[in-house]
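Report on the structure given below.
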Amino acid sequence: MIRFEHVTITYSGAAKPALRDVNLRLDEGELVLIVGRTGSGKTTLLRAMNGLVPHFTGGTLAGRVLIDGRDTATHPPRELADLVGVVPQDPSSGFVADTVEEELAYGMECLGLAPAVMRRRVEETLDLLGLNDLRSRPLLSLSAGQQQRVSIGAVLTSHPKVLVLDEPTSALDPGAAEEVLAALQRLVHDLGVTVVLAEHRLERVVQFADRVIVVPGDAQPLVIGTPAEVMKLAPIAPPVVELGRLAGWSPLPLTVRDARRAAGPIRDLLVGRTPPLRVIDGELGKEALVVAEDLTVRYGQWPALRSVSLTVRGGEVVALMGRNGAGKSTLLNAIVGLRASTGGSIRTGGHDPRTLRGADLVHAVGLVPQEPGDLLEATTVADECRAADRDARADHGTTRALLALLAPDVVDSTHPRDLSEGQRLLLALSVVLAARPPLLLLDEPTRGLDYPTKTRLVEVLRDLARAGHGIMLATHDVELAAEVATRVVVLAEGEIVADGNTADVVVASPMFAPQVAKVLAPEPWLTVSDVLSAIGPLLLRSHAPTSGDAVG
């Protein structure tokens with residue numbers, strides 16, 4: 001179905017190719033997972049599969065890419081639209097209609113399908129992706145996760161033979177992600193669709209893949225194999241695989257179910273030991289950074305927040321969790337003054353956030369939105385960093401130093417829109433941090449981030465909390481919450497339904513528990529690092545003769 005023959009892709013002005021001498025064959029009815037660090041070339045590989053490289057992105061493509069026999073060099077994307085459906089990292093960038101139902105029908109209209117066929121497929125897709133309640137909603141009123149499901153549905157209605165998805169679950173809550181992945185499996189198994197997806201959250205998808213392709217970056221050769229083969233030595237792996245490596249399990253588990261079956265000895269070693277509490281060194285700030293009292297926010301007649309009461313102090317790392325559309329982003333926007341309350345009150349740093357302007361605002365609270373490009377205006381990374389220093393009244397080089405810590409591979413001369421989604425997010429985070437606001441708000445901060453970059457982000461957030469900053473994360477990344485959050489607040493239908501320390505809230509939740517918690521339940525162990533700190537030496541001694549391959 002898809003063939004790459006000695007493909008090398010080089011962008012204008014680049015010192016080396018993005019991909020070099022790629023030879024690849026993907027068959028009908030395969031689900032293929034593409035992984036790699038942020039900016040390694042995953043998106044370039046995906047874009048080559050429907051002709052966006054080089055017809056849209058520019059650069060040069062040597063070799064041949066064949067899609068069901070059609071050469072992408074001689075067939076631009078419009079001539080491949082009946083074969084290949086593409087869901088981009090930013091779903092809203094592809095929207096052309098006003099409402100959900102209209103967007104689902106648009107692609108079929110372009111292909112000239114009969115109205116009766118269009119109506120049937122729209123209904124099927126609404127049911128498949130759980131979108132029926134949103135069918136008449138304006139696209140701009142949807143949460144990012146809801147928009148992502150609509151973007152996937154708009155592609156599915158055209159019944160492509162190849163489906164290419166870039167970070168398809170990055171903005172989805174765990175339940176919605178499971179629904180989307182189940183739908184993709186049905187397409188693969190029942191209809192023979194070839195599905196190719198790039199995803200950083202391996203814990204969600206690796207067990208569903210037929211093959212895994214690792215894109216190392218720096219034009220290095222691709223690593224291709226089954227999930228079990230690749231995960232054995234891959235530099236990035238989901239928590240259950242890391243736990244299996246630590247314990248020396250063979251074969252390595254790819255699912256929570258497999259790990260639970262093998263975890264008996266680890267549970268025995270953990271008996272009588274206490275998991276570490278999620279606290280930041282030092283005392284919480286005496287003054288509240290945010291106080292919400294019976295806060296209500298509406299979009300027209302639709303209540304996005306209902307009587308929310310919440311206090312956040314310096315030194316706290318609060319994870320806001322909940323389904324797509326639960327009100328997480330709305331709460332962050334209200335805290336920074338982007339949304340007016342229709343009831344109750346909100347105070348940020350002792351002020352009504354709607355009255356803060358300019359330097360007063362950026363020195364009181366910083367928000368990194370779901371679409372980080374909204375904060376970026378300059379034409380190069382260097383100019384963006386200089387502008388951020390000026391706006392924050394920070395020392396020259398402050399923003400660039402922060403970016404070097406978070407994303408050392410980003411080049412000063414690059415245009416921000418040419419960065420990967422993850423790199424763009426880290427640039428926006430650096431811009432916000434330059435002002436050192438006492439309160440930092442992040443909306444889906446790990447969207448598009450690989451594991452090493454997420455680890456660096458966690459360390460930065462911990463350092464900020466130790467320095468007295470308050471941090472609020474709206475996130476669907478349960479592994480991030482397990483690593484860094486001292487407190488978890490769960491929203492549902494605009495109301496707070498749970499608020500407590502991280503372990504108390506997430507361990508008993510089938511939706512928000514991290515993988516390690518599910519494996520070692522009912523004990524409240526949250527991460528591999530927690531287990532390692534408690535019994536790491538015992539585990540290593542227990543399989544010392546064979547630990548080289550397992551721990552690698």
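Each chain of the structure tokens is named A, B, ... in the order shown, its residues numbered from 1; ligands are numbered from 1 in display order.
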
* Show which residues sit within 10 Å of Val87 (chain A), as a list in words. Count only C-alpha atoms, and ignore same-chain residues fewer than 6 positions away. => Ser93, Gly94, Gln148, Arg149, Val150, Ser151, Ile152, Gly153, Ala154, Val155, Leu156, Leu163, Val164, Leu165, Asp166, Glu167, Pro168 and Leu197 of chain A

* Run DSSP on the backbone and give me the residues of region 356-457 of chain A it puts in helix (DSSP H, G or I), as a VMD selection string. => chain A and resid 358 to 362 372 to 375 381 to 392 398 to 406 416 to 418 421 to 433 451 to 457

Just C-alpha atoms for this one: save the residues we selected as a PDB file, in the first residue's frame.
ATOM      1  CA  GLY A 358       0.568  44.580  30.112  1.00  0.00           C
ATOM      2  CA  ALA A 359       3.544  44.135  32.415  1.00  0.00           C
ATOM      3  CA  ASP A 360       1.273  43.914  35.474  1.00  0.00           C
ATOM      4  CA  LEU A 361      -0.441  40.887  33.955  1.00  0.00           C
ATOM      5  CA  VAL A 362       2.652  38.960  32.802  1.00  0.00           C
ATOM      6  CA  PRO A 372       1.123  27.813  21.856  1.00  0.00           C
ATOM      7  CA  GLY A 373       1.515  29.480  18.470  1.00  0.00           C
ATOM      8  CA  ASP A 374      -1.031  32.067  19.666  1.00  0.00           C
ATOM      9  CA  LEU A 375       1.762  33.592  21.795  1.00  0.00           C
ATOM     10  CA  VAL A 381      13.189  32.084  17.331  1.00  0.00           C
ATOM     11  CA  ALA A 382      15.901  34.615  18.215  1.00  0.00           C
ATOM     12  CA  ASP A 383      13.569  37.579  17.619  1.00  0.00           C
ATOM     13  CA  GLU A 384      10.841  35.890  19.665  1.00  0.00           C
ATOM     14  CA  CYS A 385      13.222  35.463  22.595  1.00  0.00           C
ATOM     15  CA  ARG A 386      14.422  39.077  22.411  1.00  0.00           C
ATOM     16  CA  ALA A 387      10.831  40.360  22.319  1.00  0.00           C
ATOM     17  CA  ALA A 388       9.932  38.227  25.337  1.00  0.00           C
ATOM     18  CA  ASP A 389      12.859  39.679  27.291  1.00  0.00           C
ATOM     19  CA  ARG A 390      11.673  43.206  26.505  1.00  0.00           C
ATOM     20  CA  ASP A 391       8.030  42.502  27.383  1.00  0.00           C
ATOM     21  CA  ALA A 392       9.011  40.817  30.651  1.00  0.00           C
ATOM     22  CA  THR A 398      16.807  35.135  29.760  1.00  0.00           C
ATOM     23  CA  THR A 399      14.274  33.593  27.385  1.00  0.00           C
ATOM     24  CA  ARG A 400      16.941  32.021  25.187  1.00  0.00           C
ATOM     25  CA  ALA A 401      18.582  30.410  28.210  1.00  0.00           C
ATOM     26  CA  LEU A 402      15.263  28.903  29.280  1.00  0.00           C
ATOM     27  CA  LEU A 403      14.693  27.565  25.769  1.00  0.00           C
ATOM     28  CA  ALA A 404      18.177  26.043  25.703  1.00  0.00           C
ATOM     29  CA  LEU A 405      17.284  24.129  28.853  1.00  0.00           C
ATOM     30  CA  LEU A 406      13.949  22.856  27.544  1.00  0.00           C
ATOM     31  CA  PRO A 416       8.413  29.443  14.956  1.00  0.00           C
ATOM     32  CA  ARG A 417       5.829  27.922  12.607  1.00  0.00           C
ATOM     33  CA  ASP A 418       8.515  25.606  11.199  1.00  0.00           C
ATOM     34  CA  GLU A 421       4.379  21.114  17.828  1.00  0.00           C
ATOM     35  CA  GLY A 422       6.425  20.171  20.884  1.00  0.00           C
ATOM     36  CA  GLN A 423       9.220  22.634  20.117  1.00  0.00           C
ATOM     37  CA  ARG A 424       6.682  25.415  19.572  1.00  0.00           C
ATOM     38  CA  LEU A 425       5.128  24.661  22.966  1.00  0.00           C
ATOM     39  CA  LEU A 426       8.513  24.815  24.692  1.00  0.00           C
ATOM     40  CA  LEU A 427       9.284  28.151  23.034  1.00  0.00           C
ATOM     41  CA  ALA A 428       5.960  29.542  24.277  1.00  0.00           C
ATOM     42  CA  LEU A 429       6.692  28.210  27.768  1.00  0.00           C
ATOM     43  CA  SER A 430      10.082  29.932  27.734  1.00  0.00           C
ATOM     44  CA  VAL A 431       8.421  33.203  26.679  1.00  0.00           C
ATOM     45  CA  VAL A 432       5.994  33.003  29.616  1.00  0.00           C
ATOM     46  CA  LEU A 433       8.634  31.962  32.163  1.00  0.00           C
ATOM     47  CA  TYR A 451       9.659  11.430  27.085  1.00  0.00           C
ATOM     48  CA  PRO A 452      13.091  13.093  27.541  1.00  0.00           C
ATOM     49  CA  THR A 453      11.638  16.560  26.940  1.00  0.00           C
ATOM     50  CA  LYS A 454       8.783  15.826  29.339  1.00  0.00           C
ATOM     51  CA  THR A 455      11.340  14.793  31.949  1.00  0.00           C
ATOM     52  CA  ARG A 456      13.113  18.146  31.541  1.00  0.00           C
ATOM     53  CA  LEU A 457       9.768  19.941  31.827  1.00  0.00           C
TER      54      LEU A 457
END

* Go through A:Ala105, A:Val460, A:Leu191, A:Ala319 one by one, measure the shortest atom-to-atom distance of each to Val490 (chain A) using only C-alpha atoms, and give the residue with the smallest value. => A:Ala319

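Here the DSSP assignment of strand (DSSP E or B), based on backbone atoms, applies within region 330-378 of chain A to Gly343, Gly344, Ser345, Ile346, Arg347, Thr348, His351, Val365, Gly366, Leu367 and Val368 of chain A.
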
Once you have the residues from the selection above, write them out as a PDB file, in the first residue's frame, restricted to N, CA and C atoms.
ATOM      1  N   GLY A 343     -21.013  34.663  37.406  1.00  0.00           N
ATOM      2  CA  GLY A 343     -21.466  34.460  38.776  1.00  0.00           C
ATOM      3  C   GLY A 343     -20.275  34.154  39.660  1.00  0.00           C
ATOM      4  N   GLY A 344     -20.366  34.488  40.945  1.00  0.00           N
ATOM      5  CA  GLY A 344     -19.258  34.259  41.846  1.00  0.00           C
ATOM      6  C   GLY A 344     -18.121  35.224  41.583  1.00  0.00           C
ATOM      7  N   SER A 345     -16.922  34.851  42.043  1.00  0.00           N
ATOM      8  CA  SER A 345     -15.781  35.755  41.892  1.00  0.00           C
ATOM      9  C   SER A 345     -14.500  34.969  41.708  1.00  0.00           C
ATOM     10  N   ILE A 346     -13.502  35.657  41.140  1.00  0.00           N
ATOM     11  CA  ILE A 346     -12.154  35.091  40.983  1.00  0.00           C
ATOM     12  C   ILE A 346     -11.152  36.192  41.246  1.00  0.00           C
ATOM     13  N   ARG A 347     -10.136  35.896  42.058  1.00  0.00           N
ATOM     14  CA  ARG A 347      -9.067  36.845  42.367  1.00  0.00           C
ATOM     15  C   ARG A 347      -7.745  36.176  42.054  1.00  0.00           C
ATOM     16  N   THR A 348      -6.927  36.846  41.274  1.00  0.00           N
ATOM     17  CA  THR A 348      -5.600  36.353  40.910  1.00  0.00           C
ATOM     18  C   THR A 348      -4.567  37.312  41.484  1.00  0.00           C
ATOM     19  N   HIS A 351      -6.122  40.435  42.842  1.00  0.00           N
ATOM     20  CA  HIS A 351      -6.774  41.375  41.924  1.00  0.00           C
ATOM     21  C   HIS A 351      -7.806  40.664  41.059  1.00  0.00           C
ATOM     22  N   VAL A 365       0.666  36.507  36.416  1.00  0.00           N
ATOM     23  CA  VAL A 365       0.223  35.180  35.997  1.00  0.00           C
ATOM     24  C   VAL A 365       0.642  34.962  34.544  1.00  0.00           C
ATOM     25  N   GLY A 366       1.068  33.749  34.242  1.00  0.00           N
ATOM     26  CA  GLY A 366       1.430  33.408  32.871  1.00  0.00           C
ATOM     27  C   GLY A 366       0.647  32.189  32.410  1.00  0.00           C
ATOM     28  N   LEU A 367       0.129  32.249  31.191  1.00  0.00           N
ATOM     29  CA  LEU A 367      -0.652  31.147  30.623  1.00  0.00           C
ATOM     30  C   LEU A 367      -0.009  30.671  29.331  1.00  0.00           C
ATOM     31  N   VAL A 368       0.286  29.373  29.267  1.00  0.00           N
ATOM     32  CA  VAL A 368       0.675  28.739  28.010  1.00  0.00           C
ATOM     33  C   VAL A 368      -0.564  28.020  27.489  1.00  0.00           C
TER      34      VAL A 368
END

* List the neighbours of region 325-333 of chain A out to 10 Å using only C-alpha atoms; skip same-chain residues closer than 6 positions along the sequence, and give me the result as a PyMOL selection string. => chain A and resi 141-146+173+292+295-299+303-306+308+319+339-341+346+353+367-370+440-444+472-475+489-496

* **Residue nearest Val22 (chain A) among A:Leu187, A:Gly36, A:Pro221, A:Arg119 (counting only C-alpha atoms)** =>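 Ranked by minimum distance to Val22 (chain A), first place goes to A:Pro221.
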
* Considering only C-alpha atoms, return as number ranges by chain whatever protein or nucleic-acid residues lie within 10 Å of Arg121 (chain A), sequence-local ones (same chain, fewer than 2 positions apart) excluded. => A: 104-105, 108, 115-119, 123-127, 153, 156-159

Output file for the selection above: N, CA and C atoms, as a compact mmCIF listing (two decimals), in the first residue's frame:
# COMPACT_ATOMS: atom_id res chain seq x y z
N LEU A 104 -18.01 17.22 8.99
CA LEU A 104 -17.98 15.80 8.64
C LEU A 104 -18.39 15.56 7.20
N ALA A 105 -19.27 16.40 6.68
CA ALA A 105 -19.78 16.20 5.32
C ALA A 105 -18.91 16.85 4.25
N MET A 108 -16.67 14.71 1.81
CA MET A 108 -17.48 13.91 0.88
C MET A 108 -18.07 14.78 -0.22
N PRO A 115 -25.91 12.51 -1.82
CA PRO A 115 -26.39 12.99 -0.51
C PRO A 115 -26.80 11.86 0.42
N ALA A 116 -27.43 10.80 -0.11
CA ALA A 116 -27.86 9.70 0.75
C ALA A 116 -26.65 9.00 1.38
N VAL A 117 -25.59 8.84 0.59
CA VAL A 117 -24.37 8.22 1.11
C VAL A 117 -23.73 9.12 2.17
N MET A 118 -23.71 10.42 1.89
CA MET A 118 -23.14 11.36 2.84
C MET A 118 -23.88 11.33 4.17
N ARG A 119 -25.21 11.31 4.10
CA ARG A 119 -26.01 11.31 5.35
C ARG A 119 -25.72 10.05 6.18
N GLU A 123 -23.85 9.92 10.02
CA GLU A 123 -24.46 9.31 11.19
C GLU A 123 -23.57 8.22 11.77
N GLU A 124 -22.98 7.40 10.90
CA GLU A 124 -22.09 6.34 11.37
C GLU A 124 -20.89 6.91 12.12
N THR A 125 -20.34 7.99 11.61
CA THR A 125 -19.16 8.58 12.22
C THR A 125 -19.49 9.28 13.53
N LEU A 126 -20.64 9.93 13.60
CA LEU A 126 -21.07 10.55 14.85
C LEU A 126 -21.16 9.51 15.96
N ASP A 127 -21.72 8.33 15.61
CA ASP A 127 -21.84 7.26 16.61
C ASP A 127 -20.48 6.65 16.94
N GLY A 153 -12.98 12.35 12.54
CA GLY A 153 -14.23 11.96 11.88
C GLY A 153 -14.36 12.53 10.48
N LEU A 156 -12.50 10.23 8.29
CA LEU A 156 -13.07 8.88 8.18
C LEU A 156 -14.27 8.82 7.25
N THR A 157 -15.06 9.88 7.16
CA THR A 157 -16.27 9.83 6.34
C THR A 157 -15.96 9.61 4.87
N SER A 158 -14.75 9.96 4.42
CA SER A 158 -14.39 9.77 3.01
C SER A 158 -13.89 8.35 2.72
N HIS A 159 -13.79 7.51 3.74
CA HIS A 159 -13.36 6.11 3.60
C HIS A 159 -12.03 5.98 2.87

* Quick one: of A:Glu242, A:Gly272, A:Met1, A:Thr43, who's nearest to Leu532 (chain A), counting only C-alpha atoms? ->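 Among the listed residues, the smallest separation from Leu532 (chain A) belongs to A:Glu242.
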